[in-house]
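Engineer: Got a file for you: input-v9.txt, compact mmCIF, C-alpha atoms.
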```txt
# COMPACT_ATOMS: atom_id res chain seq x y z
CA MET A 1 11.99 -1.16 -7.26
CA LEU A 2 9.54 -1.49 -4.36
CA LYS A 3 6.02 -0.32 -5.13
CA LEU A 4 3.05 0.67 -2.99
CA ALA A 5 -0.46 -0.03 -4.28
CA LEU A 6 -3.77 1.17 -2.87
CA TYR A 7 -6.80 -0.92 -3.79
CA GLN A 8 -9.81 1.35 -4.37
CA PRO A 9 -9.04 3.84 -1.60
CA GLU A 10 -12.10 5.38 0.03
CA ILE A 11 -10.60 8.30 1.97
CA ALA A 12 -8.90 11.16 0.14
CA GLN A 13 -6.64 12.00 3.07
CA ASN A 14 -5.22 8.48 3.01
CA LEU A 15 -4.26 8.92 -0.63
CA GLY A 16 -2.60 12.22 0.25
CA SER A 17 -0.69 10.51 3.02
CA ALA A 18 0.30 7.67 0.69
CA ILE A 19 1.65 10.20 -1.83
CA ARG A 20 3.85 11.68 0.88
CA ILE A 21 4.95 8.23 2.09
CA ALA A 22 5.78 7.09 -1.45
CA ALA A 23 7.85 10.22 -2.02
CA CYS A 24 9.72 9.80 1.28
CA PHE A 25 10.47 6.11 0.63
CA ASP A 26 11.18 6.72 -3.07
CA VAL A 27 8.69 4.14 -4.33
CA GLU A 28 6.09 4.17 -7.07
CA LEU A 29 2.52 4.59 -5.90
CA HIS A 30 -0.17 2.69 -7.79
CA VAL A 31 -3.82 3.59 -7.29
CA ILE A 32 -6.30 0.93 -8.33
CA GLU A 33 -9.58 2.64 -9.10
CA PRO A 34 -12.38 3.37 -8.61
CA CYS A 35 -11.70 5.65 -5.66
CA GLY A 36 -14.39 6.58 -3.16
CA PHE A 37 -13.84 10.31 -3.72
CA PRO A 38 -13.31 12.72 -6.62
CA TRP A 39 -9.74 12.53 -7.92
CA ARG A 40 -9.21 16.28 -7.67
CA ASN A 41 -9.80 16.71 -3.99
CA LYS A 42 -8.33 19.44 -1.79
CA GLU A 43 -7.92 16.91 1.04
CA ILE A 44 -5.40 14.97 -1.07
CA ASP A 45 -3.32 18.09 -1.63
CA ARG A 46 -3.62 19.21 1.99
CA VAL A 47 -2.12 15.97 3.31
CA ALA A 48 0.39 15.37 0.50
CA MET A 49 1.60 18.97 0.91
CA ASP A 50 4.32 19.67 -1.64
CA TYR A 51 5.50 16.06 -1.88
CA VAL A 52 5.43 14.51 -5.33
CA ALA A 53 5.43 10.76 -5.92
CA ARG A 54 5.66 8.70 -9.07
CA LEU A 55 1.96 7.93 -9.26
CA VAL A 56 0.25 5.54 -11.66
CA ARG A 57 -3.52 5.20 -11.86
CA HIS A 58 -5.16 1.94 -12.97
CA ARG A 59 -8.80 1.83 -14.07
CA ASP A 60 -9.38 -1.46 -12.22
CA TRP A 61 -7.72 -4.53 -10.70
CA GLU A 62 -7.37 -6.30 -14.04
CA ALA A 63 -5.46 -3.37 -15.57
CA PHE A 64 -3.18 -3.24 -12.51
CA GLU A 65 -2.50 -6.96 -12.68
CA THR A 66 -1.63 -6.73 -16.36
CA ASP A 67 0.55 -3.62 -16.11
CA VAL A 68 2.51 -4.05 -12.86
CA PRO A 69 5.09 -6.82 -12.45
CA GLY A 70 6.34 -8.03 -9.10
CA ARG A 71 5.34 -10.17 -6.18
CA ARG A 72 2.02 -9.08 -4.65
CA VAL A 73 2.45 -8.71 -0.87
CA LEU A 74 -0.91 -8.03 0.75
CA LEU A 75 -1.04 -6.39 4.15
CA THR A 76 -3.99 -7.93 5.95
CA THR A 77 -5.11 -8.42 9.53
CA SER A 78 -5.58 -12.09 8.65
CA GLY A 79 -1.99 -12.55 7.46
CA GLN A 80 -0.10 -15.39 9.12
CA THR A 81 3.40 -13.90 8.72
CA ASN A 82 4.56 -10.89 10.71
CA HIS A 83 6.04 -8.14 8.51
CA THR A 84 9.33 -8.31 10.43
CA SER A 85 9.65 -12.05 9.73
CA PHE A 86 8.91 -11.68 6.03
CA SER A 87 11.81 -11.49 3.54
CA PHE A 88 11.12 -8.62 1.18
CA LEU A 89 12.39 -8.51 -2.41
CA SER A 90 13.34 -5.36 -4.28
CA ASP A 91 10.48 -5.73 -6.78
CA ASP A 92 7.71 -6.39 -4.24
CA VAL A 93 4.38 -4.60 -4.59
CA LEU A 94 2.98 -3.80 -1.16
CA LEU A 95 -0.79 -3.95 -1.56
CA MET A 96 -3.13 -2.11 0.81
CA GLY A 97 -6.86 -2.82 0.82
CA GLN A 98 -9.82 -0.51 1.19
CA GLU A 99 -10.19 1.20 4.52
CA SER A 100 -13.58 -0.38 5.23
CA ALA A 101 -13.40 -3.77 3.54
CA GLY A 102 -9.83 -4.75 2.64
CA VAL A 103 -9.72 -6.53 -0.70
CA PRO A 104 -12.13 -9.01 -2.32
CA GLU A 105 -11.51 -12.69 -1.70
CA SER A 106 -10.21 -13.17 -5.26
CA VAL A 107 -7.51 -10.51 -4.72
CA HIS A 108 -6.72 -11.88 -1.26
CA ASN A 109 -6.35 -15.43 -2.56
CA GLY A 110 -4.34 -14.25 -5.57
CA ALA A 111 -1.71 -12.48 -3.48
CA ASP A 112 1.74 -14.07 -3.51
CA ALA A 113 2.10 -13.36 0.22
CA ARG A 114 -0.17 -12.16 3.01
CA ILE A 115 1.51 -10.41 5.92
CA ARG A 116 0.39 -8.56 9.03
CA ILE A 117 1.75 -6.07 11.51
CA ALA A 118 1.66 -7.37 15.07
CA LEU A 119 -0.70 -5.29 17.22
CA ALA A 120 -1.94 -5.33 20.78
CA PRO A 121 -4.58 -8.04 21.26
CA THR A 122 -7.32 -5.44 21.77
CA ALA A 123 -6.50 -3.51 18.55
CA ARG A 124 -8.41 -4.16 15.31
CA SER A 125 -6.17 -2.55 12.70
CA LEU A 126 -3.99 0.39 11.75
CA ASN A 127 -4.80 3.16 9.30
CA VAL A 128 -3.74 1.97 5.82
CA SER A 129 -1.19 4.77 5.41
CA VAL A 130 0.36 4.08 8.80
CA ALA A 131 0.57 0.37 7.95
CA ALA A 132 2.14 1.21 4.58
CA ALA A 133 4.80 3.39 6.21
CA ILE A 134 5.65 0.77 8.84
CA THR A 135 5.97 -1.94 6.21
CA LEU A 136 7.96 0.20 3.76
CA SER A 137 10.32 1.07 6.59
CA GLU A 138 10.93 -2.61 7.33
CA ALA A 139 11.29 -3.51 3.65
CA SER A 140 13.75 -0.63 3.15
CA ARG A 141 15.75 -1.72 6.20
CA GLN A 142 15.96 -5.32 4.97
CA LEU A 143 16.96 -4.23 1.47
CA ASP A 144 19.47 -1.69 2.87
CA ARG A 145 17.94 1.06 0.73
CA PHE A 146 18.86 4.06 2.88
CA SER A 147 21.87 3.18 4.99
```
Represent the structure from my file as structure tokens, please.
Structural biologist:
Amino acid sequence: MLKLALYQPEIAQNLGSAIRIAACFDVELHVIEPCGFPWRNKEIDRVAMDYVARLVRHRDWEAFETDVPGRRVLLTTSGQTNHTSFSFLSDDVLLMGQESAGVPESVHNGADARIRIALAPTARSLNVSVAAAITLSEASRQLDRFS
């Protein structure tokens, strides 16, 4: 099963959005802590609304690495492969970095694949939740999950 993982998210609303996205795409959501906000946060609930996702919290990167199998596919602005050219597998873990800093070099270098979403030359990056939704949509299309 496809999985979505957020590496130490800093913005509660992005976690709420990711919960909704995970529910809509029927994927597990993994949150790699620490988070940059209190876990019980009204902003999470406001954005997630009444959507419920299969959510797993991990105390740190090492716990996540130990507990979650699958190919690590990092979405990064420095990725060389466009997400539409990448061949997704059904057990991929789509990994999103922190809003302000991405992921540490050790996580970046340890990823099995590094992909990007093509943007206009003047654009820096997308919101992590938007990028997650775009990539999950493409992965679901390739894997014929919702025909």
Engineer: Tell me which residues come within 12 Å of (11.4, -12.6, 5.9), as a ChimeraX atom specification, counting all atoms listed in the file in the file's coordinates.
Structural biologist: /A:73,81-89,113-115,135,138-139,141-143
Engineer: Could you tell me how far CA of Ala131 in chain A sits from CA of Asp91 in chain A, in Å to one decimal place?
Structural biologist: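 Distance between the two atoms: 18.8 Å.
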Engineer: For the point (-5.6, -12.0, -2.1) in the file's frame, write as a JSON list (two decimals) with C-alpha atoms, in the coordinates of the input all residues with an atom no more than 12 Å away, counting only C-alpha atoms.
Structural biologist:
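Saved file point19.json follows:
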```json
[["chain", "number", "residue", "atom", "x", "y", "z"],
["A", 7, "TYR", "CA", -6.80, -0.92, -3.79],
["A", 61, "TRP", "CA", -7.72, -4.53, -10.70],
["A", 71, "ARG", "CA", 5.34, -10.17, -6.18],
["A", 72, "ARG", "CA", 2.02, -9.08, -4.65],
["A", 73, "VAL", "CA", 2.45, -8.71, -0.87],
["A", 74, "LEU", "CA", -0.91, -8.03, 0.75],
["A", 75, "LEU", "CA", -1.04, -6.39, 4.15],
["A", 76, "THR", "CA", -3.99, -7.93, 5.95],
["A", 78, "SER", "CA", -5.58, -12.09, 8.65],
["A", 79, "GLY", "CA", -1.99, -12.55, 7.46],
["A", 94, "LEU", "CA", 2.98, -3.80, -1.16],
["A", 95, "LEU", "CA", -0.79, -3.95, -1.56],
["A", 96, "MET", "CA", -3.13, -2.11, 0.81],
["A", 97, "GLY", "CA", -6.86, -2.82, 0.82],
["A", 102, "GLY", "CA", -9.83, -4.75, 2.64],
["A", 103, "VAL", "CA", -9.72, -6.53, -0.70],
["A", 104, "PRO", "CA", -12.13, -9.01, -2.32],
["A", 105, "GLU", "CA", -11.51, -12.69, -1.70],
["A", 106, "SER", "CA", -10.21, -13.17, -5.26],
["A", 107, "VAL", "CA", -7.51, -10.51, -4.72],
["A", 108, "HIS", "CA", -6.72, -11.88, -1.26],
["A", 109, "ASN", "CA", -6.35, -15.43, -2.56],
["A", 110, "GLY", "CA", -4.34, -14.25, -5.57],
["A", 111, "ALA", "CA", -1.71, -12.48, -3.48],
["A", 112, "ASP", "CA", 1.74, -14.07, -3.51],
["A", 113, "ALA", "CA", 2.10, -13.36, 0.22],
["A", 114, "ARG", "CA", -0.17, -12.16, 3.01],
["A", 115, "ILE", "CA", 1.51, -10.41, 5.92]]
```
Engineer: Restricting the calculation to all atoms listed in the file, which member of A:Glu33, A:Asp26, A:Glu99, A:Asp45 is positioned closest to Val128 in chain A?
Structural biologist: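 Nearest to Val128 in chain A: A:Glu99.
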Engineer: Please determine, counting all atoms listed in the file, which residue among A:Ala133, A:Ile21, A:Leu119, A:Val27 has the shortest atom-to-atom distance to Asp92 in chain A.
Structural biologist: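 Answer, going by the shortest atom-to-atom distance: A:Val27.
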Engineer: Check the smallest atom-to-atom distance from each of A:Ile32, A:Leu126, A:Ile117, A:Leu2 to Leu15 in chain A using all atoms listed in the file, then report the winner.
Structural biologist: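 Comparing A:Ile32, A:Leu126, A:Ile117, A:Leu2 against Leu15 in chain A, the winner is A:Ile32.
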Engineer: Which is closest to Ser17 in chain A among A:Ala63, A:Leu29, A:Ala120, A:Val47, if we use all atoms listed in the file?
Structural biologist: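 Closest to Ser17 in chain A of all the choices is A:Val47.
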Engineer: A:Met1, A:Gln98, A:Ile11, A:Leu6: which is nearest Pro69 in chain A, counting all atoms listed in the file?
Structural biologist: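 Of the candidates, the smallest distance to Pro69 in chain A is held by A:Met1.
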Engineer: Could you tell me which of A:Cys24, A:Gln8, A:Leu55, A:Val68 comes closest to Ser140 in chain A if we count all atoms listed in the file?
Structural biologist: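 Ranking A:Cys24, A:Gln8, A:Leu55, A:Val68 by distance to Ser140 in chain A, first place goes to A:Cys24.
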Engineer: To one decimal place in Å, what is the distance between CA of Cys35 in chain A and CA of Thr77 in chain A?
Structural biologist: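 It comes out at 21.7 Å.
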Engineer: What's around Pro34 in chain A at 8 Å? Count all atoms listed in the file, leave out sequence neighbours fewer than 4 positions away in its own chain, and write the answer as a list in words.
Structural biologist: Gln8, Pro9, Arg59 and Asp60 of chain A
Engineer: What's the separation between CA of Val93 in chain A and CA of Glu65 in chain A, in Å to one decimal place?
Structural biologist: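 CA of Glu65 in chain A lies 10.9 Å from CA of Val93 in chain A.
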Engineer: What lies within 7 Å of Ala53 in chain A using all atoms listed in the file, ignoring chain neighbours under 3 positions off, as a count of residues only?
Structural biologist: 5
